[in-house]
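Undergrad: Starting off with a structure, shown below.
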Amino acid sequence: MSANPQILQILPDNAPFTLEQRTWLSGLFAGLLGLDQAVTPLSPAEAAALVPGLLPAPAGPADESPITWHDPGIALAERMKLAEGRSVRMQLMAAMAQQDCGQCGSSCEEYSGQIFDKKEPRLNLCVPGGKDTSRMLKKLLEEVGAAASPLAADVTPVAGAAAGRSRDNPVTATVVSCTLLNRKGSEKETWHVEFDLTQSGLDYVVGDSFGLMPANDQALVDAIIAALDAPPDFPIGGRTFREVLSDGVSLSPAPDMLFQLYSYVTGGERRQKAKTLSAGGDPDGDAESLDVLAAIEKFAGIRPDPEAFIEALDPLQPRLYSISSSFKAHPGRVSLTVDAVRYKIAKRQRLGVASTFLAERAAPGDKVKVYIQKAHNFGLPADPAVPIIMVGPGTGVAPFRAFLHERMATKAPGRNWLFFGHQRHDCDFFYEDELNGMKAAGVLTRLSLAWSRDDKDKFYVQDRMRQVGPDIWSWLSEGAHFYICGAVRMGQDVERALVDIIVEHGSRTADEAIAYVADLKKRGRYQTDTY
Ligand SMILES: Cc1cc2nc3c(=O)[nH]c(=O)nc-3n(C[C@H](O)[C@H](O)[C@H](O)COP(=O)(O)OP(=O)(O)OC[C@H]3O[C@@H](n4cnc5c(N)ncnc54)[C@H](O)[C@@H]3O)c2cc1C
Ligand SMILES: NC(=O)c1ccc[n+]([C@@H]2O[C@H](COP(=O)([O-])OP(=O)(O)OC[C@H]3O[C@@H](n4cnc5c(N)ncnc54)[C@H](OP(=O)(O)O)[C@@H]3O)[C@@H](O)[C@H]2O)c1
């Protein structure tokens with residue numbers, strides 16, 4: 001990046017920010033620009049474009065903006081500071097993880113609005129926000145008084161959408177196949193999973209995500225039953241204890257309520273520890289590692305009633321996966337590209353619930369509860385002639401495989417350029433034959449690859465982008481849409497590389513390049529799906 005030496009003030013004096021916001025924004029911009037300090041003042045419009053919702057919205061209550069916290073890169077405590085003095089609705093929104101990922105069923109703004117309007121009683125739906133978000137939501141609602149709290153039992157969840165179109169109203173799909181995409185020698189385990197949708201009547205468009213209800217690992221369920229020394233067939237609401245543990249509750253992070261339960265049924269030092277844990281404290285420095293089984297083992301010997309135990313757990317949540325197929329190319333089918341999450345804590349192997357459910361527990365012919373989560377601002381350009389640049393390392397390639405299949409099926413004349421990367425060329429090149437085939441057929445105009453672990457030094461998709469910067473600039477100048485899918489951090493680094501490319505090859509200053517990208521975003525020409 002071309003460093004700009006004339007630093008110190010990035011925001012104009014009359015920009016509508018508090019000192020705190022100003023300091024934070026300067027740090028953000030300096031970081032984005034790769035500078036130690038800030039550069040020439042940005043216009044409020046440029047600043048607003050860089051941070052969504054930064055400036056007051058033209059219409060709406062003054063209290064509702066600027067939404068300076070709507071950025072997944074800002075920590076919860078900082079977001080809450082930025083939201084200080086705002087309405088409760090806005091503070092509830094600031095407590096969300098700001099990814100607009102759709103796992104709660106909508107956007108951060110919609111979910112917080114539903115909680116505020118008492119249409120949504122569940123405070124634990126923000127998956128990326130996790131326990132920190134649900135604790136903050138609870139605290140905010142308690143602050144405005146129990147009477148105003150939507151936790152009251154008579155509140156019913158938001159009315160369900162059409163069948164198969166919402167997490168609250170799933171339909172059934174059939175597993176067709178599950179194929180490993182990595183080859184021997186890989187450190188990764190990524191699966192291509194196919195479902196048959198014909199009986200469900202579902203369809204989708206490329207860019208949408210697929211939601212599914214997983215089941216827990218049976219070995220973990222057995223271990224929990226054994227650790228509690230509880231009867232597996234204990235009746236709970238018409239089902240057995242084992243059945244509810246299998247697919248009704250989350251066995252991952254131990255919820256505050258479970259520690260609360262332990263604090264009620266034990267005494268002395270253990271009671272104090274349980275109380276501290278239930279309030280988000282960490283008396284023994286192991287709170288992060290406590291899934292449900294580890295919590296039971298920590299309070300070994302205590303045998304809560306199975307029904308009370310189940311009530312203290314969180315419901316098992318659905319998981320979302322980017323759709324990697326096109327309904328137009330393969331009607332009645334949907335495919336996913338799933339990285340199996342496995343890691344070890346204190347000698348015990350932990351399993352990501354849904355990813356390992358798909359990888360090892362769901363067999364061909366099995367029925368799974370599923371739904372389509374519509375994409376917000378992530379999809380192909382309406383004009384099939386518009387060129388597209390797609391950056392999707394790892395499983396981030398999923399929606400772009402769908403885009404390419406769609407463009408092939410619809411004979412779209414637009415040029416397509418894919419940046420794909422992963423750890424090693426020889427074992428982590430997903431869909432290699434297919435992508436090479438599409439390249440040979442002219443559907444994939446360019447395929448640019450980056451292997452991070454083939455050489456001594458890391459080499460990422462954004463490093464490849466910098467090498468071909470003039471061509472990226474030329475595609476953008478010709479109206480290309482730019483897409484990123486994959487990890488949040490990668491998305492931020494790719495955006496920074498794009499700004500650099502625009503500075504270098506588009507003859508813009510850093511501010512102008514940032515404003516250029518902001519303008520692309522505003523026009524829907526820069527779309528991201530990062531988590
Ligand atoms: C819109 C959207 C699209 C998505 N698309 C895809 C996709 O195409 N492909 C894909 O693979 N995923 C995708 N995901 C992610 C996916 O939804 C799941 O989050 C992912 O598969 C993990 O879920 P799980 O149930 O297997 O793991 P979980 O049971 O939810 O466990 C994951 C959790 O385990 C913990 N964890 C993980 N690794 C470690 C570690 N090394 N050490 C300590 N703790 C750890 C973290 O707390 C992490 O949040 C998408 C997510 C969204 C929101
Ligand atoms: N659509 C989605 O929601 C989505 C998409 C992607 C991933 N995920 C989640 O993320 C997890 C891992 O994903 P994955 O298997 O796709 O691969 P990944 O582990 O994210 O890695 C893919 C490639 O990106 C590289 N990389 C790491 N940091 C980067 C950065 N800052 N900039 C550019 N490239 C970077 C990796 O290199 P090194 O590892 O060598 O550093 C690797 O070569 C999965 O559990 C999945 O659930 C979700």
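Going through the structure tokens in order, the chains are called A, B, and so on, while each chain numbers its residues from 1 and the ligands are numbered from 1 in the order shown.
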So which residues are near ligand 1, meaning at most 6 Å away with only C-alpha atoms and all ligand atoms counted, given back as a list in words?
TA: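 Listing the residues within 6 Å of ligand 1 gives Cys101, Gln103, Ser209, Arg319, Leu320, Tyr321, Ser322, Thr337, Val338, Asp339, Val341, Tyr343, Gly352, Val353, Ala354, Ser355, Thr356, Thr395 and Ala398 of chain A.
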Undergrad: Would you save the residues of that selection, restricted to all heavy atoms, as a short mmCIF file (atom, residue, chain, number, x, y, z; two decimals), in the first residue's frame?
TA:
data_model
loop_
_atom_site.label_atom_id
_atom_site.label_comp_id
_atom_site.auth_asym_id
_atom_site.auth_seq_id
_atom_site.Cartn_x
_atom_site.Cartn_y
_atom_site.Cartn_z
N CYS A 101 -25.77 -12.59 9.64
CA CYS A 101 -25.50 -13.89 9.03
C CYS A 101 -26.77 -14.70 8.78
O CYS A 101 -26.74 -15.71 8.09
CB CYS A 101 -24.55 -14.69 9.90
SG CYS A 101 -25.24 -15.10 11.53
N GLN A 103 -28.48 -16.46 10.96
CA GLN A 103 -28.69 -17.66 11.79
C GLN A 103 -29.84 -17.48 12.77
O GLN A 103 -30.50 -18.44 13.14
CB GLN A 103 -27.40 -18.02 12.53
CG GLN A 103 -26.37 -18.51 11.54
CD GLN A 103 -25.10 -18.98 12.20
OE1 GLN A 103 -24.94 -20.13 12.53
NE2 GLN A 103 -24.17 -18.06 12.38
N SER A 209 -28.77 -19.61 1.58
CA SER A 209 -28.15 -20.63 2.44
C SER A 209 -29.17 -21.70 2.79
O SER A 209 -30.37 -21.49 2.69
CB SER A 209 -27.64 -20.00 3.74
OG SER A 209 -26.71 -19.00 3.46
N ARG A 319 -28.10 -25.03 11.90
CA ARG A 319 -26.89 -24.41 11.33
C ARG A 319 -27.15 -24.06 9.88
O ARG A 319 -27.92 -24.76 9.20
CB ARG A 319 -25.70 -25.38 11.39
CG ARG A 319 -25.34 -25.88 12.78
CD ARG A 319 -24.79 -24.77 13.65
NE ARG A 319 -24.12 -25.25 14.85
CZ ARG A 319 -24.72 -25.53 16.01
NH1 ARG A 319 -26.02 -25.40 16.13
NH2 ARG A 319 -24.01 -25.92 17.04
N LEU A 320 -26.47 -23.03 9.39
CA LEU A 320 -26.62 -22.61 8.00
C LEU A 320 -25.39 -22.99 7.17
O LEU A 320 -24.26 -22.92 7.68
CB LEU A 320 -26.77 -21.09 7.91
CG LEU A 320 -28.09 -20.47 8.36
CD1 LEU A 320 -28.03 -18.95 8.21
CD2 LEU A 320 -29.26 -21.02 7.55
N TYR A 321 -25.61 -23.35 5.93
CA TYR A 321 -24.51 -23.61 4.99
C TYR A 321 -24.80 -22.92 3.66
O TYR A 321 -25.93 -22.97 3.17
CB TYR A 321 -24.31 -25.13 4.78
CG TYR A 321 -23.80 -25.76 6.06
CD1 TYR A 321 -24.69 -26.28 7.00
CD2 TYR A 321 -22.45 -25.73 6.37
CE1 TYR A 321 -24.23 -26.78 8.22
CE2 TYR A 321 -21.99 -26.21 7.58
CZ TYR A 321 -22.87 -26.74 8.50
OH TYR A 321 -22.41 -27.20 9.70
N SER A 322 -23.76 -22.29 3.09
CA SER A 322 -23.92 -21.67 1.77
C SER A 322 -24.25 -22.76 0.76
O SER A 322 -23.60 -23.81 0.75
CB SER A 322 -22.62 -21.00 1.33
OG SER A 322 -22.16 -20.11 2.29
N THR A 337 -20.95 -27.46 0.89
CA THR A 337 -19.51 -27.73 0.98
C THR A 337 -19.12 -27.48 2.42
O THR A 337 -19.05 -26.33 2.86
CB THR A 337 -18.76 -26.78 0.01
OG1 THR A 337 -19.36 -26.89 -1.29
CG2 THR A 337 -17.27 -27.12 -0.05
N VAL A 338 -18.90 -28.55 3.18
CA VAL A 338 -18.89 -28.45 4.65
C VAL A 338 -17.54 -28.86 5.24
O VAL A 338 -17.06 -29.98 5.02
CB VAL A 338 -19.99 -29.36 5.24
CG1 VAL A 338 -19.99 -29.29 6.76
CG2 VAL A 338 -21.36 -28.96 4.69
N ASP A 339 -16.96 -27.95 5.98
CA ASP A 339 -15.72 -28.23 6.70
C ASP A 339 -16.05 -28.88 8.04
O ASP A 339 -16.78 -28.29 8.85
CB ASP A 339 -14.96 -26.92 6.91
CG ASP A 339 -13.70 -27.10 7.73
OD1 ASP A 339 -12.85 -27.89 7.32
OD2 ASP A 339 -13.58 -26.46 8.79
N VAL A 341 -15.75 -29.72 11.71
CA VAL A 341 -15.09 -29.05 12.84
C VAL A 341 -14.76 -30.10 13.91
O VAL A 341 -15.66 -30.73 14.46
CB VAL A 341 -16.01 -27.95 13.42
CG1 VAL A 341 -15.39 -27.34 14.68
CG2 VAL A 341 -16.27 -26.87 12.38
N TYR A 343 -11.84 -30.58 17.21
CA TYR A 343 -10.70 -30.04 17.94
C TYR A 343 -10.63 -30.71 19.30
O TYR A 343 -11.59 -31.34 19.75
CB TYR A 343 -10.79 -28.51 18.09
CG TYR A 343 -12.08 -28.03 18.71
CD1 TYR A 343 -12.16 -27.72 20.06
CD2 TYR A 343 -13.24 -27.90 17.95
CE1 TYR A 343 -13.35 -27.28 20.64
CE2 TYR A 343 -14.43 -27.48 18.51
CZ TYR A 343 -14.48 -27.17 19.85
OH TYR A 343 -15.66 -26.77 20.41
N GLY A 352 -17.79 -30.42 16.18
CA GLY A 352 -18.80 -29.47 15.73
C GLY A 352 -20.07 -30.26 15.47
O GLY A 352 -20.03 -31.29 14.78
N VAL A 353 -21.21 -29.82 16.01
CA VAL A 353 -22.42 -30.65 15.95
C VAL A 353 -22.86 -30.92 14.51
O VAL A 353 -22.95 -32.08 14.08
CB VAL A 353 -23.61 -29.96 16.67
CG1 VAL A 353 -24.83 -30.86 16.64
CG2 VAL A 353 -23.25 -29.60 18.07
N ALA A 354 -23.13 -29.85 13.77
CA ALA A 354 -23.76 -30.03 12.46
C ALA A 354 -22.76 -30.54 11.42
O ALA A 354 -23.10 -31.39 10.59
CB ALA A 354 -24.39 -28.73 11.99
N SER A 355 -21.54 -30.01 11.46
CA SER A 355 -20.58 -30.40 10.42
C SER A 355 -20.22 -31.87 10.54
O SER A 355 -20.11 -32.57 9.52
CB SER A 355 -19.35 -29.51 10.46
OG SER A 355 -18.73 -29.57 11.73
N THR A 356 -20.08 -32.38 11.78
CA THR A 356 -19.76 -33.82 11.90
C THR A 356 -21.02 -34.67 11.77
O THR A 356 -20.94 -35.84 11.40
CB THR A 356 -19.02 -34.14 13.23
OG1 THR A 356 -19.88 -33.81 14.32
CG2 THR A 356 -17.72 -33.38 13.33
N THR A 395 -13.98 -23.27 2.15
CA THR A 395 -15.40 -23.48 1.89
C THR A 395 -16.08 -22.22 1.36
O THR A 395 -17.23 -22.27 0.94
CB THR A 395 -16.14 -23.93 3.17
OG1 THR A 395 -15.85 -22.99 4.20
CG2 THR A 395 -15.72 -25.32 3.59
N ALA A 398 -18.06 -22.19 -1.91
CA ALA A 398 -19.39 -22.79 -2.08
C ALA A 398 -20.36 -21.96 -2.93
O ALA A 398 -20.84 -22.45 -3.96
CB ALA A 398 -19.99 -23.11 -0.71
#
Undergrad: List all protein, DNA and RNA residues that have an atom no more than 9 Å from any atom of ligand 2, counting only C-alpha atoms and all ligand atoms, and report them as a VMD selection string.
TA: chain A and resid 101 188 to 190 209 320 to 323 337 to 342 352 355 392 to 399 420 to 424 428 450 to 454 458 to 463 485 to 494 529 to 531
Undergrad: Can you tell me, as a ChimeraX atom specification, what residues are no more than 9 Å from Tyr526 in chain A when counting only C-alpha atoms, ignoring any on the same chain fewer than 6 positions away?
TA: /A:481-484,517-520
Undergrad: How about saving the chosen residues, N, CA, C and O atoms kept, as an mmCIF file, in the first residue's frame?
TA:
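Result written to part-v7.cif:
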data_model
loop_
_atom_site.group_PDB
_atom_site.id
_atom_site.type_symbol
_atom_site.label_atom_id
_atom_site.label_comp_id
_atom_site.auth_asym_id
_atom_site.auth_seq_id
_atom_site.Cartn_x
_atom_site.Cartn_y
_atom_site.Cartn_z
ATOM 1 N N HIS A 481 -18.921 -6.944 -10.880
ATOM 2 C CA HIS A 481 -19.346 -7.055 -9.479
ATOM 3 C C HIS A 481 -18.275 -7.857 -8.746
ATOM 4 O O HIS A 481 -17.688 -8.786 -9.318
ATOM 5 N N PHE A 482 -18.039 -7.516 -7.483
ATOM 6 C CA PHE A 482 -16.969 -8.146 -6.711
ATOM 7 C C PHE A 482 -17.586 -8.865 -5.509
ATOM 8 O O PHE A 482 -18.387 -8.269 -4.779
ATOM 9 N N TYR A 483 -17.210 -10.129 -5.302
ATOM 10 C CA TYR A 483 -17.806 -10.937 -4.220
ATOM 11 C C TYR A 483 -16.719 -11.566 -3.346
ATOM 12 O O TYR A 483 -15.675 -11.988 -3.866
ATOM 13 N N ILE A 484 -17.025 -11.660 -2.049
ATOM 14 C CA ILE A 484 -16.120 -12.374 -1.126
ATOM 15 C C ILE A 484 -16.962 -13.337 -0.289
ATOM 16 O O ILE A 484 -18.025 -12.963 0.210
ATOM 17 N N VAL A 517 -14.663 1.883 -3.111
ATOM 18 C CA VAL A 517 -15.190 0.592 -2.636
ATOM 19 C C VAL A 517 -16.543 0.801 -1.947
ATOM 20 O O VAL A 517 -17.483 0.023 -2.127
ATOM 21 N N ALA A 518 -16.626 1.899 -1.171
ATOM 22 C CA ALA A 518 -17.893 2.200 -0.493
ATOM 23 C C ALA A 518 -18.999 2.388 -1.520
ATOM 24 O O ALA A 518 -20.141 1.948 -1.314
ATOM 25 N N ASP A 519 -18.657 3.033 -2.627
ATOM 26 C CA ASP A 519 -19.654 3.260 -3.670
ATOM 27 C C ASP A 519 -20.058 1.931 -4.332
ATOM 28 O O ASP A 519 -21.234 1.716 -4.624
ATOM 29 N N LEU A 520 -19.074 1.052 -4.515
ATOM 30 C CA LEU A 520 -19.400 -0.283 -5.060
ATOM 31 C C LEU A 520 -20.412 -0.978 -4.150
ATOM 32 O O LEU A 520 -21.379 -1.585 -4.601
#
Undergrad: Taking 2 positions as the minimum chain separation for residues in the same chain, which residues sit within 12 Å of Ser106 in chain A when counting only C-alpha atoms? Answer as a PyMOL selection string.
TA: chain A and resi 96+98-104+108-114+120+125-126+158+161+165-168+373-376
Undergrad: With N, CA, C and O atoms retained, export the selected residues as a tab-separated table (two decimals), in the first residue's frame.
TA:
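The result, stored in again_5.tsv:
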chain	number	residue	atom	x	y	z
A	96	MET	N	-25.75	-7.53	19.34
A	96	MET	CA	-25.66	-8.62	18.35
A	96	MET	C	-24.25	-8.66	17.75
A	96	MET	O	-23.53	-7.68	17.81
A	98	GLN	N	-23.30	-8.48	14.76
A	98	GLN	CA	-23.17	-7.56	13.62
A	98	GLN	C	-22.80	-8.24	12.31
A	98	GLN	O	-22.32	-7.59	11.39
A	99	GLN	N	-23.02	-9.56	12.22
A	99	GLN	CA	-22.66	-10.23	10.97
A	99	GLN	C	-23.81	-10.33	9.99
A	99	GLN	O	-23.61	-10.72	8.84
A	100	ASP	N	-25.01	-10.02	10.43
A	100	ASP	CA	-26.19	-10.19	9.58
A	100	ASP	C	-26.15	-11.55	8.88
A	100	ASP	O	-26.43	-11.67	7.69
A	101	CYS	N	-25.77	-12.59	9.64
A	101	CYS	CA	-25.50	-13.89	9.03
A	101	CYS	C	-26.77	-14.70	8.78
A	101	CYS	O	-26.74	-15.71	8.09
A	102	GLY	N	-27.89	-14.28	9.39
A	102	GLY	CA	-29.16	-14.97	9.13
A	102	GLY	C	-29.42	-16.14	10.06
A	102	GLY	O	-30.46	-16.78	9.96
A	103	GLN	N	-28.48	-16.46	10.96
A	103	GLN	CA	-28.69	-17.66	11.79
A	103	GLN	C	-29.84	-17.48	12.77
A	103	GLN	O	-30.50	-18.44	13.14
A	104	CYS	N	-30.10	-16.23	13.18
A	104	CYS	CA	-31.25	-15.97	14.07
A	104	CYS	C	-32.55	-15.98	13.26
A	104	CYS	O	-33.62	-15.93	13.83
A	108	CYS	N	-29.34	-8.49	12.18
A	108	CYS	CA	-29.14	-8.03	13.57
A	108	CYS	C	-30.22	-7.01	13.95
A	108	CYS	O	-30.75	-7.04	15.06
A	109	GLU	N	-30.53	-6.13	13.01
A	109	GLU	CA	-31.49	-5.08	13.31
A	109	GLU	C	-32.89	-5.67	13.50
A	109	GLU	O	-33.62	-5.29	14.43
A	110	GLU	N	-33.25	-6.63	12.63
A	110	GLU	CA	-34.60	-7.21	12.74
A	110	GLU	C	-34.74	-8.03	14.02
A	110	GLU	O	-35.75	-7.94	14.72
A	111	TYR	N	-33.73	-8.83	14.32
A	111	TYR	CA	-33.80	-9.68	15.51
A	111	TYR	C	-33.92	-8.83	16.77
A	111	TYR	O	-34.77	-9.07	17.62
A	112	SER	N	-33.08	-7.77	16.86
A	112	SER	CA	-33.15	-6.93	18.07
A	112	SER	C	-34.49	-6.21	18.12
A	112	SER	O	-35.08	-6.05	19.20
A	113	GLY	N	-35.00	-5.81	16.96
A	113	GLY	CA	-36.31	-5.15	16.91
A	113	GLY	C	-37.41	-6.07	17.39
A	113	GLY	O	-38.32	-5.67	18.13
A	114	GLN	N	-37.32	-7.36	16.98
A	114	GLN	CA	-38.34	-8.33	17.41
A	114	GLN	C	-38.28	-8.54	18.92
A	114	GLN	O	-39.32	-8.68	19.58
A	120	GLU	N	-40.22	-11.73	20.02
A	120	GLU	CA	-39.25	-12.81	20.06
A	120	GLU	C	-38.74	-12.99	21.49
A	120	GLU	O	-38.02	-12.13	22.00
A	125	LEU	N	-30.38	-16.59	20.11
A	125	LEU	CA	-30.37	-16.99	18.70
A	125	LEU	C	-29.18	-16.43	17.93
A	125	LEU	O	-28.95	-16.81	16.78
A	126	CYS	N	-28.44	-15.51	18.52
A	126	CYS	CA	-27.29	-14.93	17.79
A	126	CYS	C	-26.10	-15.87	17.98
A	126	CYS	O	-25.40	-15.82	18.99
A	158	VAL	N	-41.99	-15.26	17.00
A	158	VAL	CA	-42.48	-14.65	15.77
A	158	VAL	C	-43.19	-15.70	14.92
A	158	VAL	O	-42.72	-16.82	14.80
A	161	ALA	N	-42.86	-18.52	8.94
A	161	ALA	CA	-43.03	-18.20	7.53
A	161	ALA	C	-43.55	-19.45	6.82
A	161	ALA	O	-43.89	-20.43	7.46
A	165	ARG	N	-39.20	-22.21	4.78
A	165	ARG	CA	-38.61	-20.90	4.50
A	165	ARG	C	-38.14	-20.21	5.77
A	165	ARG	O	-37.82	-19.02	5.74
A	166	SER	N	-38.13	-20.93	6.87
A	166	SER	CA	-37.72	-20.32	8.14
A	166	SER	C	-37.25	-21.39	9.11
A	166	SER	O	-37.70	-22.55	9.04
A	167	ARG	N	-36.35	-21.00	10.01
A	167	ARG	CA	-35.86	-21.95	11.01
A	167	ARG	C	-36.99	-22.46	11.89
A	167	ARG	O	-36.88	-23.53	12.47
A	168	ASP	N	-38.07	-21.70	11.98
A	168	ASP	CA	-39.18	-22.12	12.84
A	168	ASP	C	-40.18	-23.02	12.13
A	168	ASP	O	-41.15	-23.46	12.73
A	373	GLN	N	-32.67	-20.30	3.85
A	373	GLN	CA	-32.52	-18.95	4.40
A	373	GLN	C	-32.17	-18.02	3.24
A	373	GLN	O	-31.09	-18.13	2.65
A	374	LYS	N	-33.09	-17.14	2.92
A	374	LYS	CA	-32.89	-16.23	1.78
A	374	LYS	C	-31.68	-15.35	2.02
A	374	LYS	O	-31.45	-14.87	3.12
A	375	ALA	N	-30.93	-15.12	0.96
A	375	ALA	CA	-29.76	-14.24	1.08
A	375	ALA	C	-30.21	-12.79	1.12
A	375	ALA	O	-31.19	-12.43	0.48
A	376	HIS	N	-29.52	-12.00	1.93
A	376	HIS	CA	-29.75	-10.55	1.90
A	376	HIS	C	-28.56	-9.95	1.18
A	376	HIS	O	-27.43	-10.04	1.65
Undergrad: For Phe234 in chain A, which residue among A:Val127, A:Ala308, A:Ala295, A:Ala162 is the nearest when counting only C-alpha atoms?
TA: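 Closest to Phe234 in chain A of all the choices is A:Ala308.
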Undergrad: Can you check which residues of range 146-277 of chain A DSSP gives as strand (DSSP E or B) on the backbone and send them as a ChimeraX atom specification?
TA: /A:171-180,190-196,209-212,235-236,239-240,249,253
Undergrad: Where does DSSP see helix (DSSP H, G or I) in range 399-526 of chain A, if you list the residues as a PyMOL selection string?
TA: chain A and resi 399-409+425-428+432-440+461-467+469-477+488-505+510-522
Undergrad: Near Ser335 in chain A, counting only C-alpha atoms, which residues have an atom at most 8 Å away, once you skip same-chain residues fewer than 2 positions from it, shown as JSON, numbers by chain?
TA: {"A": [192, 193, 194, 195, 323, 324, 325, 333, 337]}
Undergrad: Give me a file of those residues, with C-alpha atoms, as a short mmCIF file (atom, residue, chain, number, x, y, z; two decimals), in the first residue's frame.
TA:
data_model
loop_
_atom_site.label_atom_id
_atom_site.label_comp_id
_atom_site.auth_asym_id
_atom_site.auth_seq_id
_atom_site.Cartn_x
_atom_site.Cartn_y
_atom_site.Cartn_z
CA HIS A 192 -19.56 -32.23 -0.56
CA VAL A 193 -23.05 -33.07 0.70
CA GLU A 194 -26.05 -33.58 -1.60
CA PHE A 195 -29.72 -33.50 -0.60
CA ILE A 323 -25.61 -23.48 -1.09
CA SER A 324 -23.00 -24.69 -3.58
CA SER A 325 -25.40 -25.76 -6.35
CA ARG A 333 -31.20 -31.00 -5.62
CA THR A 337 -19.51 -27.73 0.98
#
Undergrad: With only C-alpha atoms as the basis for distance, which of A:Thr240, A:Ser246, A:Thr276, A:Thr266 is at the shortest distance from Ala223 in chain A?
TA: A:Ser246
Undergrad: Of the residues A:Ala215, A:Val443, A:Ala83, A:Leu76, which is the one nearest to Glu243 in chain A, using only C-alpha atoms?
TA: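 So, comparing all the options, the nearest one is A:Ala215.
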Undergrad: Can you tell me which residues surround range 313-317 of chain A at a distance of at most 7 Å, considering only C-alpha atoms, apart from same-chain residues fewer than 5 positions away, and format the answer as an MDAnalysis selection string?
TA: chainID A and resid 213 247:250 255 257:258
Undergrad: Hey, what's within 12 Å of Ile345 in chain A if we count only C-alpha atoms and toss same-chain stuff fewer than 6 positions away? As a ChimeraX atom specification, please?
TA: /A:286,288-291,294,351
